[in-house]
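K.L.:
Can you read through this structure? Questions will come right after.
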Amino acid sequence: MLRRVLCFLVISVVLAVSSAGYAAKAPTSPVAYQPGSKLLAVVGKTAGASITPGGQQLTQIRWANHTDAVTGAGRLRLVIDTTGPVQVSGTVSASPTPRLVVNVKGAVPGQTDTEIDLDGRIADSISMKSEDDRNTVITVELPLMVDEGEYKVFTLPQDIPNKKPNRVVIDINQPLPPAKFNFTAGLKGKTIVLDPGHGGSDPGAVGLAGSREKNVNLAVALRVKALLDKAGAKVVMTHQDDRDVFGPNASAVDELKARATIANVKKADIFVSIHSNAAANRSADGTSTYFYQKTRYDYLLANNLQAGMLEAGGLKDKGTLPANFYVIKRTTMPAALVEMAFLSNPAEEKLLASPQFQQKMAEGIVQGIESFFAQAATKGGEW
Ligand SMILES: [Zn+2]
C-alpha cells in the first residue's frame, strides 16, 4: 500500500513538472533552448527497504505498443528485467535527433541484446551501454519529439507470487496519432505559409544603425512570396504589412498562436517563419535555422532552408538546431524558423538592410523550400 502511495506521488511529481512551457516568443538569441536539461523523475527506491545499488544486471528487454481504439492515442511500454533493485532517471534530448536517455544506477547489461530495433511508431530503437561497472545509459531513439509529461521512467519491485523479477519500465505516450504526409516534388500548387517575424507594436531586434527586425523580416518575406507566386505556389502570409497579427500589444502567446492558427486553418503544406538574430555580443554572426521535430519532416525542412541560405548568403553556418519555439511547435505541418543573420552585428546589419542581400536570402529560402519538397517526395509512404 505504501508502495502504491509512493508510486502515486512520483506520478504526481512527473505531472507537476510536465507543464513546463515552450518558449513564449521566438527569442532573438539562440540560447533559449537547452536540450536535455529537464529532470523527469527519479524513482526506484522501494518503500522501507534500504538499497545499496550496484552489482545488478539488466537481463531482458521487452516492448509493446498499445493503441486506443477510440482516440487513436498510442503508448509504448518498454520493460527491462533486472536481477535486483536499481535506480533510474530519464530526460528527453532534442539534439542531434529526439531521444529519451535513461540513466540506470546499479546495473550493467548482462547476457542480453543491447540493441533492439522497434517498429518506429513511437520509438525507432533502444540501446544499452554500460558507463562503468555499475551504471548503464539506455537510449531510446524517437522519430518525433515527446512532450514533458508524456513519458515516465520508473522501477517495479520483484513480484515473487507472479514470478516477475525487478523491472525498469519506460512508458512513452503519443496523445494523437502522428499526422501523415505524402509530399510531391515542385512548388506548384503547394500551400506555403510565410510568417515575417514580429511587426506592428513589436519591432523585434533593433540594430546599432537603427534597422528594425520587423522591417527586414517583412521585406525578405515579401520577396520570398513574389518568387513562390511566380512558381505557382499558394502563398499565405501571416501579415503582409507592418502590423500585429492578433492585435497591438497582445500577449506573446496570443500573437504567436494567431500566426500558427493561420497555418493550421489553411492546412498549409509547410510553415516558414523569417527572423533576424541578435546577441549581446556584437561580434556574433552567421545564419541558423530552428526546428521542432513534431513530424518526420521538420528537420528536413529546416536543414534545406539552412543550406539554401548559406549557399545564397555566404555567411557563417551556425547550424540547424532544435528549439521549442511556439510557432514551429504548435503548427501541425512541417515548420522552421530561420535566423538569416545578426542584426546586432554591424556588418550583418548593413547586409540585412540592403535590397541585394534581402533578395539573395529570399532566393536561398525558396531554393531550400524547393529542395525540401524534392527530398520529401522521395519519402512518400515510408514516413
Ligand atoms: Zn525575431
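Chain lettering (A, B, ...) mirrors the order of the C-alpha cells, residue numbering begins at 1 for each chain separately, and ligand numbering begins at 1 in order of display.
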Got a sec: who's within 9 Å of range 189-200 of chain A, counting only C-alpha atoms, leaving out chain neighbours fewer than 6 positions off, as a PyMOL selection string?

P.N.:
chain A and resi 26+213-222+224-225+228+231-245+247-249+259-260+262-263+266-276+337

K.L.:
Enumerate the residues of range 280-323 of chain A with a DSSP assignment of helix (DSSP H, G or I), computed from the backbone, and present them as a count of residues only.

P.N.:
16

K.L.:
What lies within 8 Å of Val140 in chain A using only C-alpha atoms, ignoring chain neighbours under 5 positions off, as number ranges by chain?

P.N.:
A: 99-101, 123-127

K.L.:
Would you mind exporting the chosen residues as a PDB file, in the first residue's frame, restricted to N, CA, C and O atoms?

P.N.:
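Saved the output as selection.pdb:
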```pdb
ATOM      1  N   ARG A  99      15.538  11.998 -28.584  1.00  0.00           N
ATOM      2  CA  ARG A  99      15.846  10.739 -27.902  1.00  0.00           C
ATOM      3  C   ARG A  99      15.494  10.852 -26.424  1.00  0.00           C
ATOM      4  O   ARG A  99      15.482  11.942 -25.856  1.00  0.00           O
ATOM      5  N   LEU A 100      15.178   9.700 -25.840  1.00  0.00           N
ATOM      6  CA  LEU A 100      14.961   9.629 -24.398  1.00  0.00           C
ATOM      7  C   LEU A 100      16.162   8.905 -23.812  1.00  0.00           C
ATOM      8  O   LEU A 100      16.486   7.798 -24.230  1.00  0.00           O
ATOM      9  N   VAL A 101      16.819   9.557 -22.869  1.00  0.00           N
ATOM     10  CA  VAL A 101      18.014   8.975 -22.263  1.00  0.00           C
ATOM     11  C   VAL A 101      17.693   8.599 -20.821  1.00  0.00           C
ATOM     12  O   VAL A 101      17.236   9.434 -20.041  1.00  0.00           O
ATOM     13  N   ALA A 123       8.910   4.797 -31.118  1.00  0.00           N
ATOM     14  CA  ALA A 123      10.370   4.802 -30.968  1.00  0.00           C
ATOM     15  C   ALA A 123      10.988   3.958 -32.079  1.00  0.00           C
ATOM     16  O   ALA A 123      10.379   3.005 -32.566  1.00  0.00           O
ATOM     17  N   ASP A 124      12.187   4.362 -32.474  1.00  0.00           N
ATOM     18  CA  ASP A 124      12.884   3.658 -33.559  1.00  0.00           C
ATOM     19  C   ASP A 124      13.735   2.503 -33.046  1.00  0.00           C
ATOM     20  O   ASP A 124      13.839   1.466 -33.686  1.00  0.00           O
ATOM     21  N   SER A 125      14.397   2.723 -31.907  1.00  0.00           N
ATOM     22  CA  SER A 125      15.288   1.679 -31.389  1.00  0.00           C
ATOM     23  C   SER A 125      15.586   1.949 -29.923  1.00  0.00           C
ATOM     24  O   SER A 125      15.358   3.057 -29.421  1.00  0.00           O
ATOM     25  N   ILE A 126      16.100   0.918 -29.250  1.00  0.00           N
ATOM     26  CA  ILE A 126      16.562   1.088 -27.863  1.00  0.00           C
ATOM     27  C   ILE A 126      17.945   0.452 -27.773  1.00  0.00           C
ATOM     28  O   ILE A 126      18.187  -0.611 -28.351  1.00  0.00           O
ATOM     29  N   SER A 127      18.849   1.126 -27.091  1.00  0.00           N
ATOM     30  CA  SER A 127      20.175   0.552 -26.908  1.00  0.00           C
ATOM     31  C   SER A 127      20.652   0.781 -25.479  1.00  0.00           C
ATOM     32  O   SER A 127      20.247   1.739 -24.824  1.00  0.00           O
TER      33      SER A 127
END
```

K.L.:
Report as a ChimeraX atom specification all protein, DNA and RNA residues lying within 12 Å of Asn135 in chain A, evaluated on only C-alpha atoms, omitting residues in the same chain fewer than 5 positions from it.

P.N.:
/A:53-58,86-89,102-109,128-130

K.L.:
Can you spit out the residues from that selection as a compact mmCIF listing (two decimals), in the first residue's frame, using N, CA, C and O atoms?

P.N.:
```
# COMPACT_ATOMS: atom_id res chain seq x y z
N PRO A 53 22.53 0.19 -4.25
CA PRO A 53 22.52 -0.23 -5.65
C PRO A 53 23.91 -0.66 -6.10
O PRO A 53 24.90 -0.14 -5.62
N GLY A 54 23.92 -1.57 -7.00
CA GLY A 54 25.20 -2.00 -7.54
C GLY A 54 25.22 -3.49 -7.73
O GLY A 54 24.50 -4.22 -7.06
N GLY A 55 26.01 -3.91 -8.70
CA GLY A 55 26.20 -5.34 -8.89
C GLY A 55 25.06 -6.05 -9.57
O GLY A 55 25.08 -7.28 -9.65
N GLN A 56 24.05 -5.31 -10.04
CA GLN A 56 22.93 -5.98 -10.71
C GLN A 56 23.17 -6.04 -12.21
O GLN A 56 24.05 -5.37 -12.74
N GLN A 57 22.31 -6.84 -12.86
CA GLN A 57 22.40 -6.95 -14.32
C GLN A 57 21.05 -6.68 -14.96
O GLN A 57 20.00 -6.99 -14.39
N LEU A 58 21.11 -6.10 -16.16
CA LEU A 58 19.90 -5.92 -16.99
C LEU A 58 19.84 -7.15 -17.88
O LEU A 58 20.79 -7.42 -18.62
N VAL A 86 17.38 -1.30 -8.78
CA VAL A 86 18.25 -0.27 -9.37
C VAL A 86 17.55 1.07 -9.20
O VAL A 86 16.40 1.13 -8.77
N GLN A 87 18.27 2.15 -9.54
CA GLN A 87 17.64 3.48 -9.55
C GLN A 87 17.67 4.01 -10.97
O GLN A 87 18.66 3.80 -11.69
N VAL A 88 16.60 4.72 -11.36
CA VAL A 88 16.53 5.21 -12.74
C VAL A 88 16.10 6.67 -12.78
O VAL A 88 15.41 7.17 -11.89
N SER A 89 16.53 7.37 -13.82
CA SER A 89 16.04 8.72 -14.10
C SER A 89 16.09 8.90 -15.61
O SER A 89 16.87 8.24 -16.30
N VAL A 102 17.88 7.32 -20.50
CA VAL A 102 17.56 6.81 -19.17
C VAL A 102 18.86 6.36 -18.50
O VAL A 102 19.60 5.54 -19.06
N ASN A 103 19.13 6.94 -17.35
CA ASN A 103 20.31 6.52 -16.58
C ASN A 103 19.90 5.48 -15.56
O ASN A 103 18.97 5.71 -14.79
N VAL A 104 20.57 4.35 -15.60
CA VAL A 104 20.30 3.27 -14.64
C VAL A 104 21.49 3.18 -13.69
O VAL A 104 22.63 2.95 -14.14
N LYS A 105 21.21 3.38 -12.41
CA LYS A 105 22.27 3.28 -11.40
C LYS A 105 22.22 1.91 -10.76
O LYS A 105 21.18 1.51 -10.25
N GLY A 106 23.33 1.21 -10.78
CA GLY A 106 23.42 -0.04 -10.03
C GLY A 106 23.32 -1.29 -10.88
O GLY A 106 23.20 -2.38 -10.33
N ALA A 107 23.36 -1.16 -12.22
CA ALA A 107 23.29 -2.36 -13.05
C ALA A 107 24.00 -2.14 -14.37
O ALA A 107 24.07 -1.01 -14.87
N VAL A 108 24.50 -3.22 -14.92
CA VAL A 108 25.11 -3.20 -16.26
C VAL A 108 24.43 -4.28 -17.10
O VAL A 108 23.81 -5.19 -16.55
N PRO A 109 24.51 -4.18 -18.43
CA PRO A 109 23.88 -5.20 -19.27
C PRO A 109 24.47 -6.58 -19.00
O PRO A 109 25.69 -6.74 -18.94
N MET A 128 21.51 -0.14 -25.00
CA MET A 128 22.04 -0.04 -23.63
C MET A 128 23.55 -0.05 -23.71
O MET A 128 24.13 -0.82 -24.46
N LYS A 129 24.16 0.81 -22.89
CA LYS A 129 25.61 0.87 -22.89
C LYS A 129 26.06 1.10 -21.45
O LYS A 129 25.56 2.01 -20.79
N SER A 130 26.98 0.25 -20.98
CA SER A 130 27.44 0.46 -19.60
C SER A 130 28.39 1.65 -19.56
O SER A 130 29.22 1.84 -20.44
```

K.L.:
Excluding range 314-329 of chain A and residues on its chain fewer than 3 positions from it, collect all residues at most 8 Å away from it, counting only C-alpha atoms, and give them as a ChimeraX atom specification.

P.N.:
/A:22-26,32-33,94-96,253,256-257,259-260,271,273,285-294,299,302-303,306,309-311,332,334-337,341

K.L.:
Please identify the strand (DSSP E) residues within range 92-222 of chain A (assignment by DSSP from backbone atoms) and present them as a PyMOL selection string.

P.N.:
chain A and resi 92-93+99-105+107-109+115-117+125-130+135-141+151-156+166-174+191-196

K.L.:
Identify which of the residues A:Pro203, A:Pro165, A:Gly364, A:Gly380 lies closest to ligand 1, counting only C-alpha atoms and all ligand atoms when measuring atom-to-atom distances.

P.N.:
A:Pro203

K.L.:
Show me, as a list in words, the residues that have an atom within 12 Å of Ala374 in chain A when counting only C-alpha atoms, minus same-chain residues fewer than 2 positions from it.

P.N.:
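Contacts, in chain order: Asn182, Phe183, Thr184, Ala185, Gly186, Leu187, Leu300, Leu301, Asn304, Gln367, Gly368, Ile369, Glu370, Ser371, Phe372, Ala376, Ala377, Thr378, Lys379 and Gly380 of chain A.
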
K.L.:
In Å, rounded to a single decimal, give me how far CA of Leu176 in chain A is from CA of Tyr297 in chain A.

P.N.:
17.0 Å

K.L.:
So how many Å separate CA of Thr261 in chain A and CA of Arg212 in chain A, to one decimal?

P.N.:
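About the pair CA of Thr261 in chain A and CA of Arg212 in chain A: they are 25.3 Å apart.
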
K.L.:
Pick from A:Glu131, A:Glu150, A:Asp254, A:Asp81: nearest to Val169 in chain A, with only C-alpha atoms counted?

P.N.:
A:Asp81

K.L.:
Pick from A:Ala312, A:Ala258, A:Ala209, A:Leu118: nearest to Arg330 in chain A, with only C-alpha atoms counted?

P.N.:
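When distances to Arg330 in chain A are compared using only C-alpha atoms, the smallest one comes from A:Ala258.
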
K.L.:
Out of A:Gly110, A:Lys164, A:Thr71, A:Val338, which residue has the shortest atom-to-atom distance to Ile365 in chain A when counting only C-alpha atoms?

P.N.:
A:Val338
